[in-house]
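**Student:** So that you have it, the file is target_9.cif, and it contains mmCIF, C-alpha atoms:
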data_work
loop_
_atom_site.label_atom_id
_atom_site.label_comp_id
_atom_site.auth_asym_id
_atom_site.auth_seq_id
_atom_site.Cartn_x
_atom_site.Cartn_y
_atom_site.Cartn_z
CA MET A 1 0.14 25.00 5.10
CA ASN A 2 -1.22 26.22 1.72
CA ILE A 3 1.98 28.19 1.11
CA PHE A 4 4.07 25.10 1.84
CA LYS A 5 1.95 23.02 -0.53
CA THR A 6 2.32 25.59 -3.30
CA VAL A 7 6.11 25.73 -2.92
CA HIS A 8 6.28 21.95 -2.65
CA ARG A 9 4.39 21.56 -5.91
CA TRP A 10 6.63 24.06 -7.71
CA LYS A 11 9.69 22.13 -6.59
CA LEU A 12 8.34 18.76 -7.68
CA SER A 13 6.59 19.67 -10.94
CA LYS A 14 8.11 22.55 -12.83
CA PHE A 15 7.13 20.90 -16.15
CA SER A 16 3.51 22.03 -15.95
CA GLN A 17 1.93 24.01 -18.77
CA TYR A 18 -1.39 23.76 -16.94
CA SER A 19 -3.55 26.76 -16.08
CA THR A 20 -3.52 28.37 -12.65
CA ALA A 21 -7.03 27.08 -11.89
CA THR A 22 -7.24 25.65 -8.38
CA LYS A 23 -10.78 24.24 -8.26
CA MET A 24 -12.49 21.23 -9.85
CA LYS A 25 -15.79 19.36 -9.66
CA ALA A 26 -15.66 16.15 -7.62
CA TRP A 27 -18.19 13.70 -6.24
CA GLN A 28 -17.27 13.22 -2.59
CA ILE A 29 -18.55 11.85 0.68
CA HIS A 30 -18.01 13.70 3.96
CA CYS A 31 -19.11 10.82 6.17
CA TYR A 32 -19.99 7.15 5.78
CA GLY A 33 -23.60 6.29 5.16
CA ASP A 34 -24.87 5.33 1.73
CA ILE A 35 -24.96 6.35 -1.92
CA GLN A 36 -27.23 9.27 -1.02
CA ASP A 37 -24.30 10.84 0.83
CA LEU A 38 -22.43 11.53 -2.44
CA GLN A 39 -22.16 15.29 -2.97
CA LEU A 40 -20.95 17.26 -5.99
CA THR A 41 -18.41 19.68 -4.58
CA ASN A 42 -16.00 22.39 -5.69
CA ALA A 43 -12.83 20.69 -4.52
CA ARG A 44 -9.23 21.80 -4.73
CA ILE A 45 -7.29 20.36 -7.66
CA PRO A 46 -4.85 17.88 -6.05
CA LEU A 47 -1.20 18.83 -5.77
CA ILE A 48 1.76 16.71 -6.81
CA GLU A 49 3.56 15.82 -3.59
CA ASN A 50 5.48 12.78 -4.85
CA PRO A 51 8.06 13.31 -7.64
CA GLU A 52 6.93 10.04 -9.31
CA ASP A 53 3.29 11.20 -9.55
CA LEU A 54 1.35 12.83 -12.39
CA LEU A 55 -1.73 15.04 -12.43
CA ILE A 56 -4.36 13.70 -14.82
CA LYS A 57 -7.41 15.45 -16.25
CA VAL A 58 -9.98 12.66 -16.12
CA ASN A 59 -11.89 11.85 -19.32
CA ALA A 60 -13.62 8.67 -18.15
CA ALA A 61 -13.74 6.42 -15.08
CA SER A 62 -15.60 3.25 -14.24
CA VAL A 63 -17.77 2.47 -11.23
CA ASN A 64 -16.87 -0.65 -9.28
CA PRO A 65 -18.43 -2.51 -6.34
CA ILE A 66 -15.65 -1.24 -4.06
CA ASP A 67 -16.86 2.33 -4.68
CA VAL A 68 -20.41 1.51 -3.59
CA VAL A 69 -19.43 -0.33 -0.40
CA MET A 70 -16.87 2.31 0.56
CA THR A 71 -19.69 4.88 0.79
CA LYS A 72 -20.95 2.72 3.67
CA GLY A 73 -17.58 2.60 5.43
CA TYR A 74 -16.36 -0.76 4.15
CA GLY A 75 -12.69 -1.28 4.96
CA LYS A 76 -12.28 2.00 6.82
CA THR A 77 -10.11 0.52 9.57
CA LEU A 78 -7.41 -0.96 7.33
CA ILE A 79 -7.68 1.72 4.66
CA ASN A 80 -7.17 4.47 7.22
CA LEU A 81 -4.07 2.65 8.42
CA MET A 82 -2.69 2.76 4.88
CA ARG A 83 -3.50 6.47 4.58
CA GLU A 84 -1.02 7.28 7.35
CA HIS A 85 -1.20 11.09 7.67
CA ASP A 86 -3.68 11.79 4.83
CA LEU A 87 -7.16 12.97 5.78
CA GLU A 88 -10.06 10.51 5.52
CA PHE A 89 -12.67 13.11 4.46
CA PRO A 90 -13.75 14.52 2.14
CA LEU A 91 -13.28 11.27 0.22
CA THR A 92 -13.36 10.93 -3.57
CA LEU A 93 -14.03 7.40 -4.81
CA GLY A 94 -13.15 5.79 -8.17
CA ARG A 95 -10.35 3.28 -8.72
CA ASP A 96 -9.53 3.61 -12.44
CA PHE A 97 -9.51 6.25 -15.16
CA CYS A 98 -8.49 7.38 -18.61
CA GLY A 99 -7.36 10.95 -19.01
CA THR A 100 -4.78 13.49 -20.16
CA VAL A 101 -1.53 14.33 -18.39
CA VAL A 102 -1.51 17.98 -17.35
CA ASP A 103 1.43 17.96 -14.92
CA LYS A 104 4.14 15.57 -13.76
CA GLY A 105 6.69 15.25 -11.01
CA HIS A 106 10.44 15.72 -11.47
CA ASN A 107 11.22 12.02 -11.37
CA VAL A 108 8.61 10.91 -13.92
CA SER A 109 10.39 9.48 -16.95
CA ASN A 110 10.14 10.81 -20.49
CA LYS A 111 7.82 7.90 -21.25
CA PHE A 112 4.97 10.17 -20.11
CA ASN A 113 4.65 13.80 -21.12
CA ILE A 114 2.21 16.67 -20.84
CA GLY A 115 -0.72 16.08 -23.21
CA ASP A 116 -0.39 12.26 -23.30
CA ASN A 117 -3.60 10.26 -22.99
CA VAL A 118 -3.13 7.60 -20.34
CA CYS A 119 -5.06 4.93 -18.43
CA GLY A 120 -4.45 3.81 -14.89
CA VAL A 121 -5.58 2.49 -11.53
CA ILE A 122 -5.50 3.99 -8.05
CA ALA A 123 -4.86 2.23 -4.74
CA VAL A 124 -7.88 2.07 -2.41
CA HIS A 125 -6.32 4.38 0.20
CA LYS A 126 -5.76 7.21 -2.31
CA GLN A 127 -8.19 9.92 -3.43
CA GLY A 128 -10.05 8.56 -6.45
CA SER A 129 -10.99 9.37 -10.01
CA HIS A 130 -14.65 10.40 -9.73
CA ALA A 131 -13.52 13.96 -10.15
CA GLU A 132 -12.23 16.21 -12.93
CA HIS A 133 -8.60 15.57 -11.89
CA VAL A 134 -6.71 12.81 -10.14
CA ILE A 135 -3.15 12.11 -8.99
CA ALA A 136 -1.61 8.83 -10.21
CA ASN A 137 1.79 7.24 -9.81
CA GLU A 138 3.88 6.55 -12.91
CA SER A 139 3.99 2.84 -12.05
CA ASN A 140 0.18 2.66 -12.17
CA ILE A 141 -0.47 4.10 -15.64
CA PHE A 142 0.06 3.24 -19.31
CA HIS A 143 -0.67 4.94 -22.62
CA GLN A 144 -4.28 4.75 -23.78
CA PRO A 145 -4.62 2.39 -26.76
CA LYS A 146 -5.27 4.54 -29.83
CA HIS A 147 -8.04 2.32 -31.15
CA LEU A 148 -10.09 2.67 -27.94
CA THR A 149 -12.04 5.66 -26.65
CA ALA A 150 -11.48 6.79 -23.08
CA VAL A 151 -14.78 5.16 -22.05
CA GLU A 152 -13.79 1.86 -23.66
CA ALA A 153 -10.24 1.85 -22.33
CA THR A 154 -11.13 2.62 -18.71
CA SER A 155 -13.98 0.11 -18.44
CA PRO A 156 -11.94 -3.07 -17.78
CA LEU A 157 -9.02 -1.62 -15.78
CA TYR A 158 -9.95 -2.14 -12.13
CA ALA A 159 -11.66 -5.44 -12.92
CA ALA A 160 -8.68 -6.64 -14.97
CA MET A 161 -6.20 -5.69 -12.25
CA THR A 162 -8.37 -7.52 -9.70
CA ALA A 163 -8.56 -10.60 -11.94
CA TRP A 164 -4.79 -10.55 -12.56
CA SER A 165 -4.08 -10.25 -8.82
CA ALA A 166 -6.42 -13.16 -8.05
CA LEU A 167 -5.32 -15.50 -10.84
CA TYR A 168 -1.64 -14.74 -11.35
CA VAL A 169 -0.60 -13.84 -7.80
CA THR A 170 -3.01 -15.59 -5.43
CA GLY A 171 -3.66 -18.40 -7.90
CA GLU A 172 0.04 -18.65 -8.81
CA LEU A 173 -0.53 -18.72 -12.58
CA ALA A 174 2.54 -16.48 -12.86
CA LEU A 175 4.59 -19.49 -11.73
CA ARG A 176 3.21 -22.03 -14.19
CA LYS A 177 2.02 -22.36 -17.78
CA PRO A 178 -1.53 -20.95 -17.95
CA GLU A 179 -2.29 -23.00 -21.08
CA SER A 180 -2.29 -26.15 -18.95
CA ALA A 181 -4.67 -24.69 -16.36
CA ARG A 182 -8.40 -25.34 -15.94
CA ILE A 183 -10.34 -22.50 -14.29
CA LEU A 184 -13.98 -22.24 -13.21
CA ILE A 185 -15.30 -18.69 -12.71
CA LEU A 186 -18.38 -18.26 -10.52
CA GLY A 187 -20.32 -15.19 -11.65
CA VAL A 188 -18.61 -15.03 -15.01
CA SER A 189 -20.88 -12.38 -16.58
CA GLY A 190 -19.86 -9.52 -14.25
CA GLY A 191 -17.04 -7.01 -14.61
CA VAL A 192 -14.25 -9.20 -13.23
CA GLY A 193 -15.61 -12.39 -14.80
CA THR A 194 -15.87 -11.08 -18.36
CA VAL A 195 -12.34 -9.69 -18.36
CA ALA A 196 -10.94 -12.78 -16.59
CA VAL A 197 -12.30 -15.03 -19.36
CA GLN A 198 -10.58 -12.96 -22.06
CA MET A 199 -7.36 -12.70 -20.08
CA LEU A 200 -7.19 -16.46 -19.58
CA LYS A 201 -8.20 -17.36 -23.14
CA SER A 202 -5.42 -15.10 -24.43
CA GLN A 203 -3.07 -17.49 -22.58
CA ARG A 204 -4.88 -20.56 -24.00
CA ALA A 205 -6.20 -21.72 -20.62
CA THR A 206 -9.35 -23.83 -20.36
CA VAL A 207 -12.04 -21.59 -18.87
CA MET A 208 -15.57 -22.40 -17.73
CA GLY A 209 -18.04 -20.26 -15.84
CA THR A 210 -21.39 -19.98 -14.13
CA CYS A 211 -24.13 -17.44 -14.82
CA SER A 212 -27.87 -17.19 -15.42
CA SER A 213 -29.41 -18.18 -18.75
CA ASP A 214 -29.87 -14.61 -20.00
CA ALA A 215 -26.12 -13.93 -19.72
CA ILE A 216 -24.97 -17.05 -21.58
CA PRO A 217 -24.84 -15.45 -25.08
CA LEU A 218 -22.59 -12.64 -23.80
CA VAL A 219 -20.23 -15.05 -22.07
CA GLN A 220 -20.09 -17.41 -25.06
CA SER A 221 -19.13 -14.49 -27.29
CA LEU A 222 -15.92 -14.15 -25.25
CA GLY A 223 -14.68 -17.59 -26.27
CA ILE A 224 -15.34 -19.44 -23.01
CA ASP A 225 -15.01 -23.22 -23.16
CA GLY A 226 -18.15 -24.02 -21.20
CA VAL A 227 -20.99 -22.29 -19.32
CA PHE A 228 -23.14 -23.68 -16.51
CA ASP A 229 -26.57 -22.12 -15.92
CA TYR A 230 -27.05 -21.92 -12.15
CA THR A 231 -30.84 -21.80 -12.59
CA LYS A 232 -30.92 -25.32 -14.06
CA PRO A 233 -31.71 -28.39 -11.92
CA ASP A 234 -28.62 -30.23 -13.14
CA PHE A 235 -26.25 -27.34 -12.33
CA ASN A 236 -24.31 -29.03 -9.52
CA THR A 237 -24.12 -32.44 -11.16
CA SER A 238 -22.89 -30.93 -14.43
CA ILE A 239 -19.93 -29.30 -12.70
CA SER A 240 -19.33 -32.42 -10.60
CA SER A 241 -18.88 -34.44 -13.79
CA GLU A 242 -16.03 -32.15 -14.95
CA PRO A 243 -12.35 -33.04 -14.46
CA LYS A 244 -10.54 -31.25 -11.64
CA PHE A 245 -10.20 -27.47 -11.86
CA ASP A 246 -6.90 -25.91 -10.87
CA ILE A 247 -8.72 -22.78 -9.69
CA ILE A 248 -12.27 -21.84 -8.78
CA LEU A 249 -12.47 -18.04 -8.90
CA ASP A 250 -15.49 -16.86 -6.92
CA CYS A 251 -16.74 -13.52 -8.28
CA ALA A 252 -20.28 -14.10 -6.99
CA LYS A 253 -19.88 -14.28 -3.19
CA VAL A 254 -20.82 -17.96 -3.21
CA GLY A 255 -18.40 -18.84 -0.38
CA TYR A 256 -16.28 -21.94 0.02
CA LYS A 257 -18.77 -23.47 2.48
CA ASN A 258 -21.39 -23.55 -0.28
CA ILE A 259 -19.19 -25.34 -2.82
CA PRO A 260 -20.49 -28.93 -3.15
CA ASN A 261 -18.06 -31.60 -1.97
CA SER A 262 -18.48 -33.33 -5.34
CA TRP A 263 -16.80 -30.45 -7.19
CA LYS A 264 -13.15 -31.25 -7.91
CA TYR A 265 -10.60 -28.43 -7.57
CA ASP A 266 -7.22 -27.49 -6.09
CA ARG A 267 -7.60 -23.82 -5.14
CA TYR A 268 -10.72 -21.87 -4.22
CA ILE A 269 -10.12 -18.10 -4.51
CA THR A 270 -12.64 -15.52 -3.35
CA LEU A 271 -12.70 -11.79 -4.04
CA ASN A 272 -14.85 -11.22 -0.95
CA SER A 273 -12.71 -12.12 2.04
CA PRO A 274 -13.95 -11.21 5.55
CA LEU A 275 -10.74 -9.31 6.34
CA MET A 276 -12.11 -5.79 5.89
CA VAL A 277 -15.40 -6.56 7.63
CA ASN A 278 -13.63 -8.24 10.55
CA THR A 279 -11.33 -5.27 11.19
CA ASP A 280 -14.25 -2.85 10.84
CA ASN A 281 -16.39 -4.81 13.29
CA HIS A 282 -13.75 -5.89 15.82
CA GLY A 283 -10.97 -3.33 15.51
CA LEU A 284 -7.55 -3.75 13.94
CA VAL A 285 -5.89 -6.29 16.25
CA TYR A 286 -8.83 -8.56 17.03
CA GLY A 287 -10.06 -8.23 13.44
CA LEU A 288 -6.72 -9.45 12.09
CA ILE A 289 -6.66 -12.32 14.58
CA THR A 290 -10.23 -13.28 13.66
CA SER A 291 -9.36 -13.17 9.95
CA ALA A 292 -6.26 -15.33 10.46
CA CYS A 293 -8.36 -17.86 12.35
CA ASP A 294 -11.03 -17.81 9.63
CA LEU A 295 -8.49 -18.50 6.89
CA LEU A 296 -6.62 -21.13 8.90
CA GLY A 297 -9.86 -22.88 9.85
CA ALA A 298 -11.06 -22.93 6.25
CA ASN A 299 -7.83 -24.52 5.06
CA LEU A 300 -7.73 -27.07 7.87
CA LYS A 301 -11.16 -28.28 6.78
CA LYS A 302 -9.91 -28.64 3.19
CA CYS A 303 -6.62 -30.37 4.04
CA PRO A 304 -7.99 -33.94 3.82
CA SER A 305 -9.11 -33.28 0.23
CA GLU A 306 -5.82 -31.52 -0.63
CA GLN A 307 -7.65 -28.28 -1.46
CA SER A 308 -6.90 -24.73 -0.35
CA VAL A 309 -8.95 -21.61 0.34
CA ARG A 310 -7.38 -18.29 -0.61
CA TRP A 311 -8.34 -14.63 -0.40
CA ALA A 312 -7.56 -12.31 -3.30
CA PHE A 313 -7.34 -8.53 -3.27
CA PHE A 314 -7.01 -5.74 -5.82
CA TYR A 315 -3.30 -4.99 -5.99
CA PRO A 316 -1.93 -2.25 -8.29
CA SER A 317 1.05 -3.94 -9.94
CA GLU A 318 3.29 -2.47 -12.62
CA LYS A 319 3.82 -5.96 -14.06
CA GLY A 320 0.11 -6.67 -14.04
CA LEU A 321 -0.72 -3.34 -15.68
CA GLN A 322 1.81 -4.00 -18.43
CA PHE A 323 0.15 -7.36 -19.05
CA ILE A 324 -3.28 -5.69 -19.23
CA SER A 325 -1.95 -2.92 -21.49
CA ASP A 326 -0.54 -5.51 -23.90
CA LEU A 327 -3.88 -7.34 -24.02
CA LEU A 328 -5.76 -4.12 -24.78
CA GLN A 329 -3.23 -3.00 -27.39
CA ASN A 330 -3.45 -6.39 -29.13
CA ASN A 331 -7.28 -6.52 -29.07
CA GLN A 332 -7.18 -9.57 -26.81
CA VAL A 333 -9.55 -7.93 -24.33
CA THR A 334 -12.76 -6.37 -25.61
CA PRO A 335 -14.36 -3.86 -23.21
CA ILE A 336 -17.80 -5.05 -22.13
CA ILE A 337 -19.81 -1.94 -21.24
CA TYR A 338 -23.20 -2.24 -19.58
CA LYS A 339 -24.09 1.45 -19.45
CA VAL A 340 -22.46 4.89 -19.68
CA PHE A 341 -23.52 7.76 -17.40
CA PRO A 342 -22.63 11.48 -17.59
CA PHE A 343 -20.42 12.76 -14.79
CA MET A 344 -23.28 14.85 -13.40
CA GLU A 345 -25.36 11.67 -12.97
CA LEU A 346 -22.72 9.69 -11.08
CA PRO A 347 -25.03 8.77 -8.14
CA ASN A 348 -27.37 7.09 -10.66
CA ALA A 349 -24.43 4.98 -11.84
CA TYR A 350 -23.79 3.86 -8.25
CA GLU A 351 -27.48 2.97 -7.88
CA ALA A 352 -27.47 0.97 -11.11
CA LEU A 353 -24.49 -1.06 -9.93
CA ASN A 354 -25.98 -1.51 -6.47
CA GLN A 355 -29.11 -3.09 -7.98
CA GLY A 356 -27.00 -6.00 -9.24
CA HIS A 357 -27.10 -8.27 -12.30
CA VAL A 358 -24.86 -5.91 -14.28
CA ARG A 359 -23.36 -7.47 -17.43
CA GLY A 360 -19.94 -5.93 -17.89
CA LYS A 361 -19.02 -2.47 -16.61
CA ILE A 362 -20.68 0.84 -15.78
CA VAL A 363 -18.61 3.83 -16.92
CA ILE A 364 -18.67 7.59 -16.26
CA ASP A 365 -18.06 9.81 -19.31
CA MET A 366 -16.69 13.17 -18.16
CA ASN A 367 -17.49 14.78 -21.51
CA LYS A 368 -21.05 13.52 -21.89
#
Write the structure described by the file as structure tokens, please.
**Tutor:**
Amino acid sequence: MNIFKTVHRWKLSKFSQYSTATKMKAWQIHCYGDIQDLQLTNARIPLIENPEDLLIKVNAASVNPIDVVMTKGYGKTLINLMREHDLEFPLTLGRDFCGTVVDKGHNVSNKFNIGDNVCGVIAVHKQGSHAEHVIANESNIFHQPKHLTAVEATSPLYAAMTAWSALYVTGELALRKPESARILILGVSGGVGTVAVQMLKSQRATVMGTCSSDAIPLVQSLGIDGVFDYTKPDFNTSISSEPKFDIILDCAKVGYKNIPNSWKYDRYITLNSPLMVNTDNHGLVYGLITSACDLLGANLKKCPSEQSVRWAFFYPSEKGLQFISDLLQNNQVTPIIYKVFPFMELPNAYEALNQGHVRGKIVIDMNK
């Protein structure tokens, strides 16, 4: 098998000027449990098996909520289905990165070359970026903006791709003029919320959000049109007095059942659908049926008020990444970094995120 892999790599990536080193440091889990199951291992440097893929030496990567919950087995049923014949363990987490191209497949265009600094995202069923090297597809990367460090450039990527998927695909902003839209973001001070505000304001949308009082200065600095402090007694009535929102984007696990009937909106979009949990708890078939019933039931309840409930998911899109790249290149998205951890302290970064109330993003610096 190893001989086949070596030959296969030579056939697909004869461009490499990389060393013959075969090992790298990687934080991996070998079973599902918790953050404590993360282990620093000497793993094999991944091989290029797809001619559209590149091998990247990772310089920085962010830590996202999906990384923490995947240590506990979240989504394993559906994610394993997407893996097809790839092994589940050992599993390297990490969904975004900035790094340097060290090898590329035969079909990768001349847009990307050995030595280029690039940023990118990785699908949830692929081996991740919390390692010294990662494989990424050409469609999921772009050149690192020269005015940003690797830590700065990687910090918003997964969150921005999640926000774009929720707003422009699930929320259908790609089909209308965003400048005419009114959006309310629940949990606006987190990783997805802070980048969503900037993304929407770059398109001249009207954006409001909810957060606690200590996060209001940060959110206001992003140019938001209005902030509602959920600790205040008049929180619900203040939002109720607002004109109708086209979209409520729930980044805080509030849930559509907890949205007051007095709030006026067209679409409620959550980033925390029960799909993964249902398939984990009930198996693939019954889990999918349960999820379909959940979504149908939620929308039937909202039909009389002409509202809809929608589930959004992180979706690596070439079009979305180009949009995010343009925003970063044009300084229309400012990275909001909560804390930077050295690579050797990655479990501490997971713990910090797991404690909650993070303002912006937690990032791993491979060179720190």
**Student:** Pick out the residues sitting within 10 Å of Asn113 in chain A, and hand them over as an MDAnalysis selection string; count all atoms listed in the file, and ignore anything fewer than 3 positions along from it in its own chain.
**Tutor:** chainID A and resid 15:16 54 100:104 108:110 116:118
**Student:** I need the residue nearest Ile45 in chain A from this list: A:Asn330, A:Gln220, A:Thr22, A:Ser240. Use all atoms listed in the file for the distance.
**Tutor:**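 Distance minimum relative to Ile45 in chain A lands on A:Thr22.
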**Student:** Which is closest to Arg182 in chain A among A:Asp229, A:Glu242, A:Asp250, A:Glu49, if we use all atoms listed in the file?
**Tutor:** A:Glu242
**Student:** Could you check how far CA of Gly283 in chain A sits from CA of Phe313 in chain A, in Å to one decimal?
**Tutor:**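 That distance, rounded to one decimal, is 19.8 Å.
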**Student:** Using all atoms listed in the file, which protein or nucleic acid residues come within 9 Å of Thr279 in chain A? Drop anything in the same chain fewer than 4 positions from it, and give the result as an MDAnalysis selection string.
**Tutor:** chainID A and resid 75:78 274:275 283:288 290:291
**Student:** Using all atoms listed in the file, which of the listed residues (A:Cys251, A:Ala21, A:Ile56, A:Ala136) sits closest to Leu186 in chain A?
**Tutor:** A:Cys251
**Student:** Can you pull out the residues contacting Gln127 in chain A? Cut-off 9 Å, using all atoms listed in the file, and skip same-chain residues under 4 positions away; I want them as a count of residues only.
**Tutor:** 9
**Student:** What's around Asn354 in chain A at 12 Å? Count only C-alpha atoms, leave out sequence neighbours fewer than 6 positions away in its own chain, and write the answer as an NGL selection string.
**Tutor:** :A and (34-35 or 63-69 or 71 or 347-348 or 362)
**Student:** Using the chain letters and residue numbers of this document, give as a VMD selection string the residues selected by the PyMOL selection byres ((chain A and resi 209) around 6).
**Tutor:** chain A and resid 184 to 186 188 208 210 227
**Student:** Of the candidates A:Ile247, A:Leu222, A:Ala312, A:Ile364, which one gets nearest to Ala131 in chain A if we count all atoms listed in the file?
**Tutor:** A:Ile364
**Student:** Pick out the residues sitting within 12 Å of range 256-263 of chain A, and hand them over as a ChimeraX atom specification; count all atoms listed in the file, and ignore anything fewer than 3 positions along from it in its own chain.
**Tutor:** /A:184,186,235-253,266-273,294-295,297-299,301-302,304-305,307-311
**Student:** Of the candidates A:Leu328, A:Ser165, A:Gly73, A:Leu296, which shows the shortest atom-to-atom distance to Ser202 in chain A, using all atoms listed in the file?
**Tutor:** A:Leu328
**Student:** Hey, can you pull every residue with an atom no more than 7 Å from (-13.7, -25.9, -22.9), using all atoms listed in the file, and send it as JSON, numbers by chain?
**Tutor:** {"A": [206, 207, 208, 224, 225, 226]}
**Student:** Which residues match the PyMOL selection byres ((chain A and resi 150) around 7) in the file above, as a list of chain:residue names?
**Tutor:**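 Taken over the shown coordinates, the PyMOL selection byres ((chain A and resi 150) around 7) returns A:Asn59, A:Ala60, A:Cys98, A:Leu148, A:Thr149, A:Val151, A:Glu152, A:Ala153, A:Thr154.
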